[in-house]
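Trainee: My file is coords12.cif. It has mmCIF, C-alpha atoms and all ligand atoms:
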```cif
data_input
#
loop_
_atom_site.group_PDB
_atom_site.id
_atom_site.type_symbol
_atom_site.label_atom_id
_atom_site.label_comp_id
_atom_site.auth_asym_id
_atom_site.auth_seq_id
_atom_site.Cartn_x
_atom_site.Cartn_y
_atom_site.Cartn_z
ATOM 1 C CA MET A 46 47.768 -38.885 -34.397
ATOM 2 C CA SER A 47 49.933 -35.765 -34.599
ATOM 3 C CA ALA A 48 51.898 -35.017 -37.736
ATOM 4 C CA PRO A 49 55.609 -34.199 -37.324
ATOM 5 C CA SER A 50 56.476 -30.580 -36.583
ATOM 6 C CA THR A 51 59.560 -29.027 -38.190
ATOM 7 C CA THR A 52 61.141 -25.785 -36.950
ATOM 8 C CA GLY A 53 61.239 -22.886 -39.391
ATOM 9 C CA GLU A 54 65.028 -22.997 -39.535
ATOM 10 C CA VAL A 55 65.078 -26.662 -40.582
ATOM 11 C CA ARG A 56 62.106 -26.299 -42.946
ATOM 12 C CA ASP A 57 63.771 -23.394 -44.771
ATOM 13 C CA ALA A 58 67.102 -25.229 -45.055
ATOM 14 C CA LEU A 59 65.410 -28.317 -46.505
ATOM 15 C CA ALA A 60 63.247 -26.282 -48.889
ATOM 16 C CA GLU A 61 66.311 -24.443 -50.189
ATOM 17 C CA GLY A 62 68.399 -27.615 -50.517
ATOM 18 C CA ARG A 63 70.893 -26.498 -47.882
ATOM 19 C CA PRO A 64 72.762 -29.099 -45.758
ATOM 20 C CA VAL A 65 70.963 -30.406 -42.656
ATOM 21 C CA VAL A 66 72.266 -32.826 -40.007
ATOM 22 C CA ALA A 67 69.872 -34.824 -37.803
ATOM 23 C CA LEU A 68 70.863 -35.356 -34.144
ATOM 24 C CA GLU A 69 69.408 -37.799 -31.629
ATOM 25 C CA SER A 70 68.035 -37.097 -28.166
ATOM 26 C CA THR A 71 68.503 -40.377 -26.256
ATOM 27 C CA ILE A 72 72.168 -39.510 -25.810
ATOM 28 C CA LEU A 73 70.966 -36.295 -24.103
ATOM 29 C CA ALA A 74 68.105 -37.623 -21.976
ATOM 30 C CA HIS A 75 69.548 -41.038 -21.085
ATOM 31 C CA GLY A 76 73.232 -41.069 -22.038
ATOM 32 C CA LEU A 77 74.702 -37.970 -20.337
ATOM 33 C CA PRO A 78 74.185 -36.667 -16.787
ATOM 34 C CA PRO A 79 71.849 -33.701 -16.088
ATOM 35 C CA GLY A 80 73.519 -30.324 -16.623
ATOM 36 C CA ARG A 81 76.307 -31.653 -18.787
ATOM 37 C CA ASN A 82 73.695 -32.959 -21.252
ATOM 38 C CA ARG A 83 72.340 -29.444 -21.932
ATOM 39 C CA GLU A 84 75.828 -28.003 -22.443
ATOM 40 C CA VAL A 85 76.704 -30.784 -24.857
ATOM 41 C CA ALA A 86 73.374 -30.383 -26.696
ATOM 42 C CA GLY A 87 74.247 -26.753 -27.420
ATOM 43 C CA ARG A 88 77.825 -27.562 -28.421
ATOM 44 C CA ILE A 89 76.735 -30.280 -30.852
ATOM 45 C CA GLU A 90 74.373 -27.858 -32.603
ATOM 46 C CA ASP A 91 77.117 -25.183 -32.642
ATOM 47 C CA ALA A 92 79.568 -27.663 -34.199
ATOM 48 C CA VAL A 93 77.096 -28.452 -36.999
ATOM 49 C CA ARG A 94 76.461 -24.741 -37.648
ATOM 50 C CA ALA A 95 80.180 -23.890 -37.621
ATOM 51 C CA ALA A 96 80.700 -26.511 -40.336
ATOM 52 C CA GLY A 97 78.036 -24.900 -42.534
ATOM 53 C CA ALA A 98 74.964 -27.079 -41.919
ATOM 54 C CA THR A 99 71.683 -26.710 -40.018
ATOM 55 C CA PRO A 100 71.230 -28.968 -36.951
ATOM 56 C CA ALA A 101 67.931 -30.812 -36.469
ATOM 57 C CA THR A 102 67.785 -32.414 -33.035
ATOM 58 C CA ILE A 103 64.902 -34.897 -33.011
ATOM 59 C CA ALA A 104 62.595 -35.912 -30.137
ATOM 60 C CA VAL A 105 58.878 -36.521 -29.477
ATOM 61 C CA LEU A 106 57.186 -33.895 -27.276
ATOM 62 C CA ASP A 107 53.477 -33.994 -26.380
ATOM 63 C CA GLY A 108 53.123 -36.867 -28.821
ATOM 64 C CA VAL A 109 54.454 -34.764 -31.720
ATOM 65 C CA PRO A 110 57.643 -35.829 -33.520
ATOM 66 C CA ARG A 111 59.846 -32.713 -33.545
ATOM 67 C CA ILE A 112 62.372 -32.180 -36.328
ATOM 68 C CA GLY A 113 64.572 -29.473 -34.824
ATOM 69 C CA LEU A 114 64.107 -28.243 -31.252
ATOM 70 C CA THR A 115 63.915 -24.726 -29.842
ATOM 71 C CA PRO A 116 66.254 -23.900 -26.912
ATOM 72 C CA ALA A 117 63.296 -24.303 -24.517
ATOM 73 C CA GLN A 118 62.501 -27.712 -25.998
ATOM 74 C CA LEU A 119 66.167 -28.728 -25.635
ATOM 75 C CA ASP A 120 65.918 -27.680 -21.958
ATOM 76 C CA ARG A 121 62.947 -30.002 -21.588
ATOM 77 C CA VAL A 122 64.696 -32.953 -23.230
ATOM 78 C CA CYS A 123 67.681 -32.463 -20.894
ATOM 79 C CA ASP A 124 65.598 -31.999 -17.715
ATOM 80 C CA PRO A 125 65.777 -35.195 -15.605
ATOM 81 C CA ASP A 126 62.455 -34.296 -13.968
ATOM 82 C CA ALA A 127 60.706 -34.216 -17.345
ATOM 83 C CA GLY A 128 60.834 -38.036 -17.307
ATOM 84 C CA LEU A 129 61.207 -38.620 -21.041
ATOM 85 C CA ALA A 130 60.729 -42.188 -22.221
ATOM 86 C CA LYS A 131 63.393 -43.851 -24.396
ATOM 87 C CA LEU A 132 61.764 -44.351 -27.776
ATOM 88 C CA SER A 133 63.010 -46.799 -30.350
ATOM 89 C CA ARG A 134 61.326 -47.095 -33.745
ATOM 90 C CA ARG A 135 58.600 -49.405 -32.463
ATOM 91 C CA ASP A 136 57.627 -46.910 -29.757
ATOM 92 C CA LEU A 137 57.048 -43.938 -32.083
ATOM 93 C CA GLY A 138 53.422 -44.688 -32.941
ATOM 94 C CA VAL A 139 52.603 -45.452 -29.301
ATOM 95 C CA ALA A 140 54.155 -42.184 -28.088
ATOM 96 C CA GLN A 141 52.241 -40.258 -30.778
ATOM 97 C CA ALA A 142 48.946 -41.938 -29.966
ATOM 98 C CA LEU A 143 49.319 -41.466 -26.193
ATOM 99 C CA GLY A 144 50.676 -37.913 -26.433
ATOM 100 C CA LEU A 145 53.923 -38.786 -24.617
ATOM 101 C CA ASP A 146 57.315 -37.091 -24.332
ATOM 102 C CA GLY A 147 60.263 -39.208 -25.404
ATOM 103 C CA ALA A 148 63.871 -39.124 -26.503
ATOM 104 C CA THR A 149 64.619 -40.945 -29.754
ATOM 105 C CA THR A 150 67.301 -43.617 -30.208
ATOM 106 C CA VAL A 151 69.349 -43.995 -33.378
ATOM 107 C CA ALA A 152 66.616 -46.267 -34.802
ATOM 108 C CA ALA A 153 63.806 -43.798 -34.090
ATOM 109 C CA THR A 154 65.832 -40.714 -35.064
ATOM 110 C CA ALA A 155 66.940 -42.208 -38.391
ATOM 111 C CA THR A 156 63.326 -43.160 -39.146
ATOM 112 C CA LEU A 157 62.017 -39.644 -38.440
ATOM 113 C CA ALA A 158 64.965 -37.989 -40.221
ATOM 114 C CA HIS A 159 64.300 -40.025 -43.358
ATOM 115 C CA GLU A 160 60.573 -39.191 -43.238
ATOM 116 C CA ALA A 161 61.503 -35.508 -42.977
ATOM 117 C CA GLY A 162 63.884 -35.715 -45.945
ATOM 118 C CA ILE A 163 67.133 -35.530 -43.951
ATOM 119 C CA GLY A 164 69.804 -37.965 -45.129
ATOM 120 C CA VAL A 165 72.707 -37.331 -42.728
ATOM 121 C CA PHE A 166 72.656 -38.043 -38.998
ATOM 122 C CA ALA A 167 75.361 -37.719 -36.314
ATOM 123 C CA THR A 168 75.447 -39.481 -32.955
ATOM 124 C CA GLY A 169 77.867 -40.969 -30.419
ATOM 125 C CA GLY A 170 77.462 -44.728 -30.342
ATOM 126 C CA LEU A 171 75.273 -47.172 -32.219
ATOM 127 C CA GLY A 172 73.305 -49.933 -30.504
ATOM 128 C CA GLY A 173 74.331 -53.466 -31.459
ATOM 129 C CA VAL A 174 74.317 -57.125 -30.485
ATOM 130 C CA HIS A 175 74.696 -57.822 -26.775
ATOM 131 C CA ARG A 176 77.137 -60.433 -25.538
ATOM 132 C CA GLY A 177 76.402 -64.016 -24.615
ATOM 133 C CA GLY A 178 74.376 -65.000 -27.663
ATOM 134 C CA SER A 179 71.282 -63.236 -26.328
ATOM 135 C CA TRP A 180 68.364 -62.034 -28.433
ATOM 136 C CA ASP A 181 69.137 -58.440 -27.409
ATOM 137 C CA VAL A 182 69.958 -56.998 -30.821
ATOM 138 C CA SER A 183 69.387 -53.245 -31.138
ATOM 139 C CA ALA A 184 66.736 -52.102 -33.612
ATOM 140 C CA ASP A 185 69.375 -49.577 -34.715
ATOM 141 C CA LEU A 186 70.854 -52.283 -36.959
ATOM 142 C CA ASP A 187 67.519 -53.115 -38.556
ATOM 143 C CA VAL A 188 66.661 -49.473 -39.249
ATOM 144 C CA LEU A 189 70.033 -48.870 -40.937
ATOM 145 C CA ALA A 190 69.107 -51.640 -43.351
ATOM 146 C CA ARG A 191 65.855 -49.902 -44.288
ATOM 147 C CA ALA A 192 66.229 -46.143 -43.976
ATOM 148 C CA PRO A 193 68.684 -44.697 -46.504
ATOM 149 C CA VAL A 194 70.338 -42.398 -43.963
ATOM 150 C CA LEU A 195 74.080 -41.944 -43.392
ATOM 151 C CA VAL A 196 74.765 -42.437 -39.678
ATOM 152 C CA VAL A 197 78.058 -41.027 -38.377
ATOM 153 C CA CYS A 198 79.128 -42.561 -35.047
ATOM 154 C CA SER A 199 82.181 -43.812 -33.129
ATOM 155 C CA GLY A 200 81.341 -47.487 -33.408
ATOM 156 C CA VAL A 201 79.744 -49.465 -30.598
ATOM 157 C CA LYS A 202 80.743 -49.785 -26.968
ATOM 158 C CA SER A 203 82.809 -52.786 -25.987
ATOM 159 C CA ILE A 204 80.001 -53.932 -23.668
ATOM 160 C CA LEU A 205 78.467 -55.237 -26.884
ATOM 161 C CA ASP A 206 79.624 -58.149 -28.991
ATOM 162 C CA ILE A 207 81.378 -56.089 -31.665
ATOM 163 C CA GLY A 208 82.115 -59.063 -33.930
ATOM 164 C CA ALA A 209 78.475 -60.174 -33.881
ATOM 165 C CA THR A 210 77.331 -56.580 -34.496
ATOM 166 C CA LEU A 211 79.521 -56.405 -37.615
ATOM 167 C CA GLU A 212 78.153 -59.775 -38.790
ATOM 168 C CA VAL A 213 74.556 -58.562 -38.432
ATOM 169 C CA LEU A 214 75.406 -55.373 -40.334
ATOM 170 C CA GLU A 215 76.820 -57.561 -43.108
ATOM 171 C CA THR A 216 73.742 -59.800 -43.180
ATOM 172 C CA ARG A 217 71.461 -56.756 -43.249
ATOM 173 C CA SER A 218 73.542 -55.363 -46.142
ATOM 174 C CA VAL A 219 74.638 -52.177 -44.374
ATOM 175 C CA PRO A 220 77.900 -50.749 -45.734
ATOM 176 C CA VAL A 221 80.413 -49.755 -43.034
ATOM 177 C CA LEU A 222 82.969 -47.070 -43.889
ATOM 178 C CA GLY A 223 85.935 -46.285 -41.628
ATOM 179 C CA TRP A 224 86.754 -42.578 -41.567
ATOM 180 C CA ARG A 225 90.532 -42.414 -42.021
ATOM 181 C CA THR A 226 90.826 -45.720 -40.160
ATOM 182 C CA ASP A 227 91.174 -49.401 -41.046
ATOM 183 C CA ARG A 228 89.779 -50.519 -37.687
ATOM 184 C CA PHE A 229 86.232 -50.483 -36.360
ATOM 185 C CA PRO A 230 86.259 -48.108 -33.351
ATOM 186 C CA ALA A 231 84.990 -49.136 -29.905
ATOM 187 C CA PHE A 232 83.451 -45.828 -28.743
ATOM 188 C CA TYR A 233 85.735 -44.965 -25.785
ATOM 189 C CA LEU A 234 88.682 -46.583 -27.608
ATOM 190 C CA ARG A 235 89.927 -45.684 -31.079
ATOM 191 C CA GLU A 236 90.213 -49.290 -32.180
ATOM 192 C CA SER A 237 88.528 -52.613 -31.605
ATOM 193 C CA GLU A 238 90.141 -55.863 -32.756
ATOM 194 C CA PHE A 239 87.980 -55.785 -35.919
ATOM 195 C CA ASP A 240 88.740 -54.274 -39.319
ATOM 196 C CA VAL A 241 86.272 -52.109 -41.260
ATOM 197 C CA PRO A 242 85.250 -53.461 -44.669
ATOM 198 C CA TRP A 243 85.996 -50.096 -46.342
ATOM 199 C CA ARG A 244 88.117 -47.083 -45.545
ATOM 200 C CA VAL A 245 87.374 -43.525 -46.766
ATOM 201 C CA ASP A 246 89.613 -40.499 -46.417
ATOM 202 C CA ASP A 247 87.603 -37.535 -47.713
ATOM 203 C CA ALA A 248 84.042 -36.235 -47.522
ATOM 204 C CA ARG A 249 83.591 -36.129 -51.314
ATOM 205 C CA THR A 250 84.122 -39.887 -51.489
ATOM 206 C CA VAL A 251 81.541 -40.411 -48.735
ATOM 207 C CA ALA A 252 79.108 -38.212 -50.677
ATOM 208 C CA ARG A 253 79.622 -40.372 -53.792
ATOM 209 C CA VAL A 254 78.852 -43.511 -51.765
ATOM 210 C CA VAL A 255 75.692 -41.830 -50.441
ATOM 211 C CA HIS A 256 74.586 -41.010 -54.004
ATOM 212 C CA ALA A 257 75.001 -44.688 -55.002
ATOM 213 C CA ARG A 258 73.524 -46.232 -51.848
ATOM 214 C CA ARG A 259 70.735 -48.796 -51.562
ATOM 215 C CA THR A 260 70.409 -48.821 -47.731
ATOM 216 C CA GLY A 261 71.536 -46.802 -44.743
ATOM 217 C CA ILE A 262 75.300 -46.366 -44.388
ATOM 218 C CA LEU A 263 77.436 -46.439 -41.255
ATOM 219 C CA LEU A 264 80.400 -44.053 -41.218
ATOM 220 C CA VAL A 265 82.604 -44.731 -38.185
ATOM 221 C CA ASN A 266 84.868 -42.023 -36.801
ATOM 222 C CA PRO A 267 87.201 -42.854 -33.866
ATOM 223 C CA VAL A 268 87.213 -40.723 -30.694
ATOM 224 C CA PRO A 269 89.912 -38.002 -31.016
ATOM 225 C CA ALA A 270 93.244 -39.420 -29.743
ATOM 226 C CA ALA A 271 93.564 -36.840 -26.940
ATOM 227 C CA PHE A 272 90.251 -38.028 -25.454
ATOM 228 C CA GLU A 273 90.577 -41.802 -25.798
ATOM 229 C CA MET A 274 90.079 -43.480 -22.399
ATOM 230 C CA PRO A 275 93.122 -45.140 -20.820
ATOM 231 C CA ARG A 276 92.767 -48.822 -21.764
ATOM 232 C CA GLY A 277 93.329 -50.145 -18.226
ATOM 233 C CA LEU A 278 90.602 -47.948 -16.756
ATOM 234 C CA HIS A 279 88.289 -48.782 -19.647
ATOM 235 C CA ASP A 280 88.758 -52.535 -19.244
ATOM 236 C CA ARG A 281 88.195 -52.390 -15.479
ATOM 237 C CA LEU A 282 84.963 -50.370 -15.806
ATOM 238 C CA LEU A 283 83.795 -52.682 -18.573
ATOM 239 C CA ASP A 284 84.295 -55.784 -16.383
ATOM 240 C CA GLU A 285 82.400 -54.125 -13.540
ATOM 241 C CA GLY A 286 79.703 -52.844 -15.893
ATOM 242 C CA LEU A 287 79.120 -56.285 -17.368
ATOM 243 C CA ARG A 288 78.646 -57.709 -13.870
ATOM 244 C CA LEU A 289 76.383 -54.814 -12.824
ATOM 245 C CA THR A 290 74.122 -55.174 -15.841
ATOM 246 C CA ALA A 291 73.843 -58.964 -15.618
ATOM 247 C CA ASP A 292 70.342 -58.542 -14.134
ATOM 248 C CA VAL A 293 69.328 -55.543 -16.263
ATOM 249 C CA HIS A 294 67.275 -56.144 -19.387
ATOM 250 C CA GLY A 295 66.111 -54.507 -22.584
ATOM 251 C CA LYS A 296 66.402 -50.802 -23.090
ATOM 252 C CA ASP A 297 67.737 -50.142 -19.561
ATOM 253 C CA VAL A 298 71.080 -51.884 -20.198
ATOM 254 C CA THR A 299 72.814 -49.132 -22.181
ATOM 255 C CA PRO A 300 71.922 -46.173 -19.872
ATOM 256 C CA ARG A 301 72.929 -48.189 -16.784
ATOM 257 C CA LEU A 302 76.302 -49.070 -18.240
ATOM 258 C CA LEU A 303 76.960 -45.510 -19.389
ATOM 259 C CA ARG A 304 76.186 -44.269 -15.885
ATOM 260 C CA HIS A 305 78.686 -46.686 -14.355
ATOM 261 C CA PHE A 306 81.416 -45.387 -16.661
ATOM 262 C CA HIS A 307 80.509 -41.753 -16.003
ATOM 263 C CA GLU A 308 80.422 -42.171 -12.219
ATOM 264 C CA HIS A 309 83.718 -44.065 -11.912
ATOM 265 C CA SER A 310 86.099 -42.661 -14.508
ATOM 266 C CA ASP A 311 86.713 -39.266 -12.893
ATOM 267 C CA GLY A 312 85.314 -37.480 -15.944
ATOM 268 C CA ALA A 313 87.334 -39.394 -18.553
ATOM 269 C CA SER A 314 84.327 -41.194 -20.061
ATOM 270 C CA LEU A 315 82.266 -37.991 -20.213
ATOM 271 C CA ASP A 316 85.071 -36.073 -21.877
ATOM 272 C CA ALA A 317 85.521 -38.903 -24.381
ATOM 273 C CA ASN A 318 81.776 -39.032 -25.035
ATOM 274 C CA GLU A 319 81.545 -35.294 -25.631
ATOM 275 C CA ALA A 320 84.668 -35.149 -27.823
ATOM 276 C CA LEU A 321 83.562 -38.018 -30.035
ATOM 277 C CA VAL A 322 80.038 -36.722 -30.549
ATOM 278 C CA LEU A 323 81.347 -33.249 -31.443
ATOM 279 C CA GLY A 324 83.769 -34.834 -33.912
ATOM 280 C CA ASN A 325 80.916 -36.821 -35.456
ATOM 281 C CA ALA A 326 78.710 -33.716 -35.722
ATOM 282 C CA ARG A 327 81.504 -31.867 -37.571
ATOM 283 C CA LEU A 328 82.152 -34.787 -39.903
ATOM 284 C CA ALA A 329 78.427 -35.261 -40.634
ATOM 285 C CA ALA A 330 78.130 -31.563 -41.475
ATOM 286 C CA GLU A 331 81.159 -31.802 -43.766
ATOM 287 C CA VAL A 332 79.525 -34.703 -45.637
ATOM 288 C CA ALA A 333 76.150 -32.908 -45.749
ATOM 289 C CA VAL A 334 77.912 -29.908 -47.304
ATOM 290 C CA ALA A 335 79.715 -32.172 -49.822
ATOM 291 C CA LEU A 336 76.354 -33.714 -50.765
ATOM 292 C CA THR A 337 74.957 -30.322 -51.771
ATOM 293 C CA ALA A 338 78.100 -29.268 -53.691
HETATM 294 N N1 LIG B 1 75.400 -45.981 -27.186
HETATM 295 C C1 LIG B 1 76.006 -44.984 -26.500
HETATM 296 N N2 LIG B 1 75.256 -43.955 -26.018
HETATM 297 C C2 LIG B 1 73.909 -43.908 -26.205
HETATM 298 C C3 LIG B 1 73.290 -44.963 -26.944
HETATM 299 C C4 LIG B 1 74.066 -45.955 -27.412
HETATM 300 O O1 LIG B 1 77.201 -45.040 -26.311
HETATM 301 O O2 LIG B 1 73.269 -42.964 -25.741
HETATM 302 C C5 LIG B 1 71.808 -44.910 -27.195
HETATM 303 C C6 LIG B 1 71.497 -44.554 -28.650
HETATM 304 O O3 LIG B 1 70.339 -43.743 -28.671
HETATM 305 C C7 LIG B 1 71.200 -45.895 -29.296
HETATM 306 C C8 LIG B 1 70.518 -46.607 -28.148
HETATM 307 O O4 LIG B 1 70.365 -45.807 -30.430
HETATM 308 O O5 LIG B 1 71.253 -46.220 -26.997
HETATM 309 C C9 LIG B 1 70.508 -48.098 -28.323
HETATM 310 O O6 LIG B 1 69.664 -48.641 -27.362
HETATM 311 P P1 LIG B 1 69.220 -50.173 -27.431
HETATM 312 O O7 LIG B 1 70.501 -50.950 -27.259
HETATM 313 O O8 LIG B 1 68.253 -50.337 -26.306
HETATM 314 O O9 LIG B 1 68.634 -50.368 -28.801
HETATM 315 MN MN MN B 2 68.306 -53.804 -26.710
#
```
Show me, as structure tokens, the structure contained in the file I just sent.
Ligand code: PSU
Ligand code: MN
Mentor:
Amino acid sequence: MSAPSTTGEVRDALAEGRPVVALESTILAHGLPPGRNREVAGRIEDAVRAAGATPATIAVLDGVPRIGLTPAQLDRVCDPDAGLAKLSRRDLGVAQALGLDGATTVAATATLAHEAGIGVFATGGLGGVHRGGSWDVSADLDVLARAPVLVVCSGVKSILDIGATLEVLETRSVPVLGWRTDRFPAFYLRESEFDVPWRVDDARTVARVVHARRTGILLVNPVPAAFEMPRGLHDRLLDEGLRLTADVHGKDVTPRLLRHFHEHSDGASLDANEALVLGNARLAAEVAVALTA
């Protein structure tokens, strides 16, 4: 089985104790449309660099877990014809053994980041508990309970059961911090109907929580106000999406729903998605910098 491969840039940053931010690849390969995904991939890395940290986008290529990707490898991850699998934590060993290419979810990315010694990770949305009392509970929640990584995201999409997701995070002992908000965000919307257990207002406080942590930590950062989706449009697409995905199962549910939003919102959902992930990359870098101060 192939050992992980770390780019020189990321290896040097880690060896010198400089701030590094892990980034996931499922959002690129399966969450954003071809073309736009490559642009966003570059902008996320730029946002991390501009805030003083080194980006480490994570994926599995040729069965090798990659910590940091070259521009050519980013091209490959974003190429729809490359046919990357969607890899959660359970799939990592299989992909390594079979020599496959795959994009990593939050669960798989946090696992690999932790193994590589990276403690801060930015993404768009977290997986969670699906509606209707089903057994479809994302492994993202389980991994947060085990891997002591800070995950910065914009909450979970309202296709999920947000209340149940928060309950599972409580049971699994994962602290949830609201970044300058008292409400748990709902990805495309700045607020869900649920409160966050804790609110934080500056990166130094987040860094202190990270130093005292026992598990992974979720830091939730609402989509910037200018890019929040209009609520009426959001609710209509959500109703349609729930009906469309009634017959879809397992790991195909989230990409199918995202595609419905992207194809029917006249760009609003894509703009929201890009703006929130860039905001999360900046915030993660700010915390990574505070951690090294
Ligand atoms: N939510 C989004 N966009 C995404 C995902 C979630 O708004 O791209 C991806 C993330 O990689 C997350 C994964 O870890 O979907 C969760 O998939 P599942 O529900 O199959 O665990
Ligand atoms: Mn699932």
Trainee: Using only C-alpha atoms, which residue out of A:Leu328, A:Ala155, A:Val219, A:Leu145 lies closest to Val105 in chain A?
Mentor: A:Leu145
Trainee: Exactly which residues make up the result of the PyMOL selection byres (((chain A and resi 135) around 12) and not hetatm) on this file, given as a list in words?
Mentor: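 When the PyMOL selection byres (((chain A and resi 135) around 12) and not hetatm) is applied to the shown file, the picked residues are Lys131, Leu132, Ser133, Arg134, Asp136, Leu137, Gly138, Val139, Ala140, Gln141, Thr149, Thr150, Ala152, Ala153, Thr154, Thr156, Leu157, Ser183, Ala184, Asp185, Asp187 and Val188 of chain A.
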Trainee: Would you list the contacts of Arg83 in chain A as number ranges by chain, taking every protein, DNA or RNA residue within 10 Å and counting all atoms listed in the file, but skipping same-chain residues closer than 5 positions in sequence?
Mentor: A: 73-74, 77-78, 88-89, 116, 119-124
Trainee: Please, could you write that set of residues out with C-alpha atoms as a PDB file, in the coordinates of the input?
Mentor:
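As written to disk, part38.pdb reads:
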```
ATOM      1  CA  LEU A  73      70.966 -36.295 -24.103  1.00  0.00           C
ATOM      2  CA  ALA A  74      68.105 -37.623 -21.976  1.00  0.00           C
ATOM      3  CA  LEU A  77      74.702 -37.970 -20.337  1.00  0.00           C
ATOM      4  CA  PRO A  78      74.185 -36.667 -16.787  1.00  0.00           C
ATOM      5  CA  ARG A  88      77.825 -27.562 -28.421  1.00  0.00           C
ATOM      6  CA  ILE A  89      76.735 -30.280 -30.852  1.00  0.00           C
ATOM      7  CA  PRO A 116      66.254 -23.900 -26.912  1.00  0.00           C
ATOM      8  CA  LEU A 119      66.167 -28.728 -25.635  1.00  0.00           C
ATOM      9  CA  ASP A 120      65.918 -27.680 -21.958  1.00  0.00           C
ATOM     10  CA  ARG A 121      62.947 -30.002 -21.588  1.00  0.00           C
ATOM     11  CA  VAL A 122      64.696 -32.953 -23.230  1.00  0.00           C
ATOM     12  CA  CYS A 123      67.681 -32.463 -20.894  1.00  0.00           C
ATOM     13  CA  ASP A 124      65.598 -31.999 -17.715  1.00  0.00           C
TER      14      ASP A 124
END
```
Trainee: Quick one: residues within 12 Å of (72.7, -56.4, -44.8) (file frame), counting only C-alpha atoms, please, as a PDB file with C-alpha atoms, keeping the file's coordinate frame.
Mentor:
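After the write, out.pdb holds the following:
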```pdb
ATOM      1  CA  LEU A 186      70.854 -52.283 -36.959  1.00  0.00           C
ATOM      2  CA  ASP A 187      67.519 -53.115 -38.556  1.00  0.00           C
ATOM      3  CA  VAL A 188      66.661 -49.473 -39.249  1.00  0.00           C
ATOM      4  CA  LEU A 189      70.033 -48.870 -40.937  1.00  0.00           C
ATOM      5  CA  ALA A 190      69.107 -51.640 -43.351  1.00  0.00           C
ATOM      6  CA  ARG A 191      65.855 -49.902 -44.288  1.00  0.00           C
ATOM      7  CA  THR A 210      77.331 -56.580 -34.496  1.00  0.00           C
ATOM      8  CA  LEU A 211      79.521 -56.405 -37.615  1.00  0.00           C
ATOM      9  CA  GLU A 212      78.153 -59.775 -38.790  1.00  0.00           C
ATOM     10  CA  VAL A 213      74.556 -58.562 -38.432  1.00  0.00           C
ATOM     11  CA  LEU A 214      75.406 -55.373 -40.334  1.00  0.00           C
ATOM     12  CA  GLU A 215      76.820 -57.561 -43.108  1.00  0.00           C
ATOM     13  CA  THR A 216      73.742 -59.800 -43.180  1.00  0.00           C
ATOM     14  CA  ARG A 217      71.461 -56.756 -43.249  1.00  0.00           C
ATOM     15  CA  SER A 218      73.542 -55.363 -46.142  1.00  0.00           C
ATOM     16  CA  VAL A 219      74.638 -52.177 -44.374  1.00  0.00           C
ATOM     17  CA  PRO A 220      77.900 -50.749 -45.734  1.00  0.00           C
ATOM     18  CA  VAL A 221      80.413 -49.755 -43.034  1.00  0.00           C
ATOM     19  CA  ARG A 259      70.735 -48.796 -51.562  1.00  0.00           C
ATOM     20  CA  THR A 260      70.409 -48.821 -47.731  1.00  0.00           C
ATOM     21  CA  GLY A 261      71.536 -46.802 -44.743  1.00  0.00           C
ATOM     22  CA  ILE A 262      75.300 -46.366 -44.388  1.00  0.00           C
ATOM     23  CA  LEU A 263      77.436 -46.439 -41.255  1.00  0.00           C
TER      24      LEU A 263
END
```
Trainee: Using only C-alpha atoms and all ligand atoms, what are the residues with an atom within 6 Å of ligand MN 2 (chain B), set out as a PyMOL selection string?
Mentor: chain A and resi 181-183+295-296
Trainee: Rounded to one decimal place, report the CA of Arg94 in chain A-CA of Ala330 in chain A distance in Å.
Mentor: 8.0 Å
Trainee: Need the axis-aligned box for range 134-153 of chain A with 8 Å each side, so what are the centre and edges in Å to one decimal, as AutoDock Vina command-line options?
Mentor:
```
--center_x 59.1 --center_y -43.2 --center_z -29.6 --size_x 36.4 --size_y 28.3 --size_z 26.5
```
Trainee: Using Å and a single decimal, report how far CA of Leu114 in chain A sits from CA of Gly170 in chain A.
Mentor: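 Interatomic distance, CA of Gly170 in chain A to CA of Leu114 in chain A: 21.2 Å.
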Trainee: Could you tell me how far atom N1 of ligand LIG 1 (chain B) sits from CA of Ala96 in chain A, in Å to one decimal place?
Mentor: 24.1 Å
Trainee: Kindly indicate which residue among A:Val197, A:Val65, A:Val268, A:Ala333 lies nearest to Leu315 in chain A, using all atoms listed in the file for the distances.
Mentor: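 Going through A:Val197, A:Val65, A:Val268, A:Ala333 one by one, the smallest distance to Leu315 in chain A is for A:Val268.
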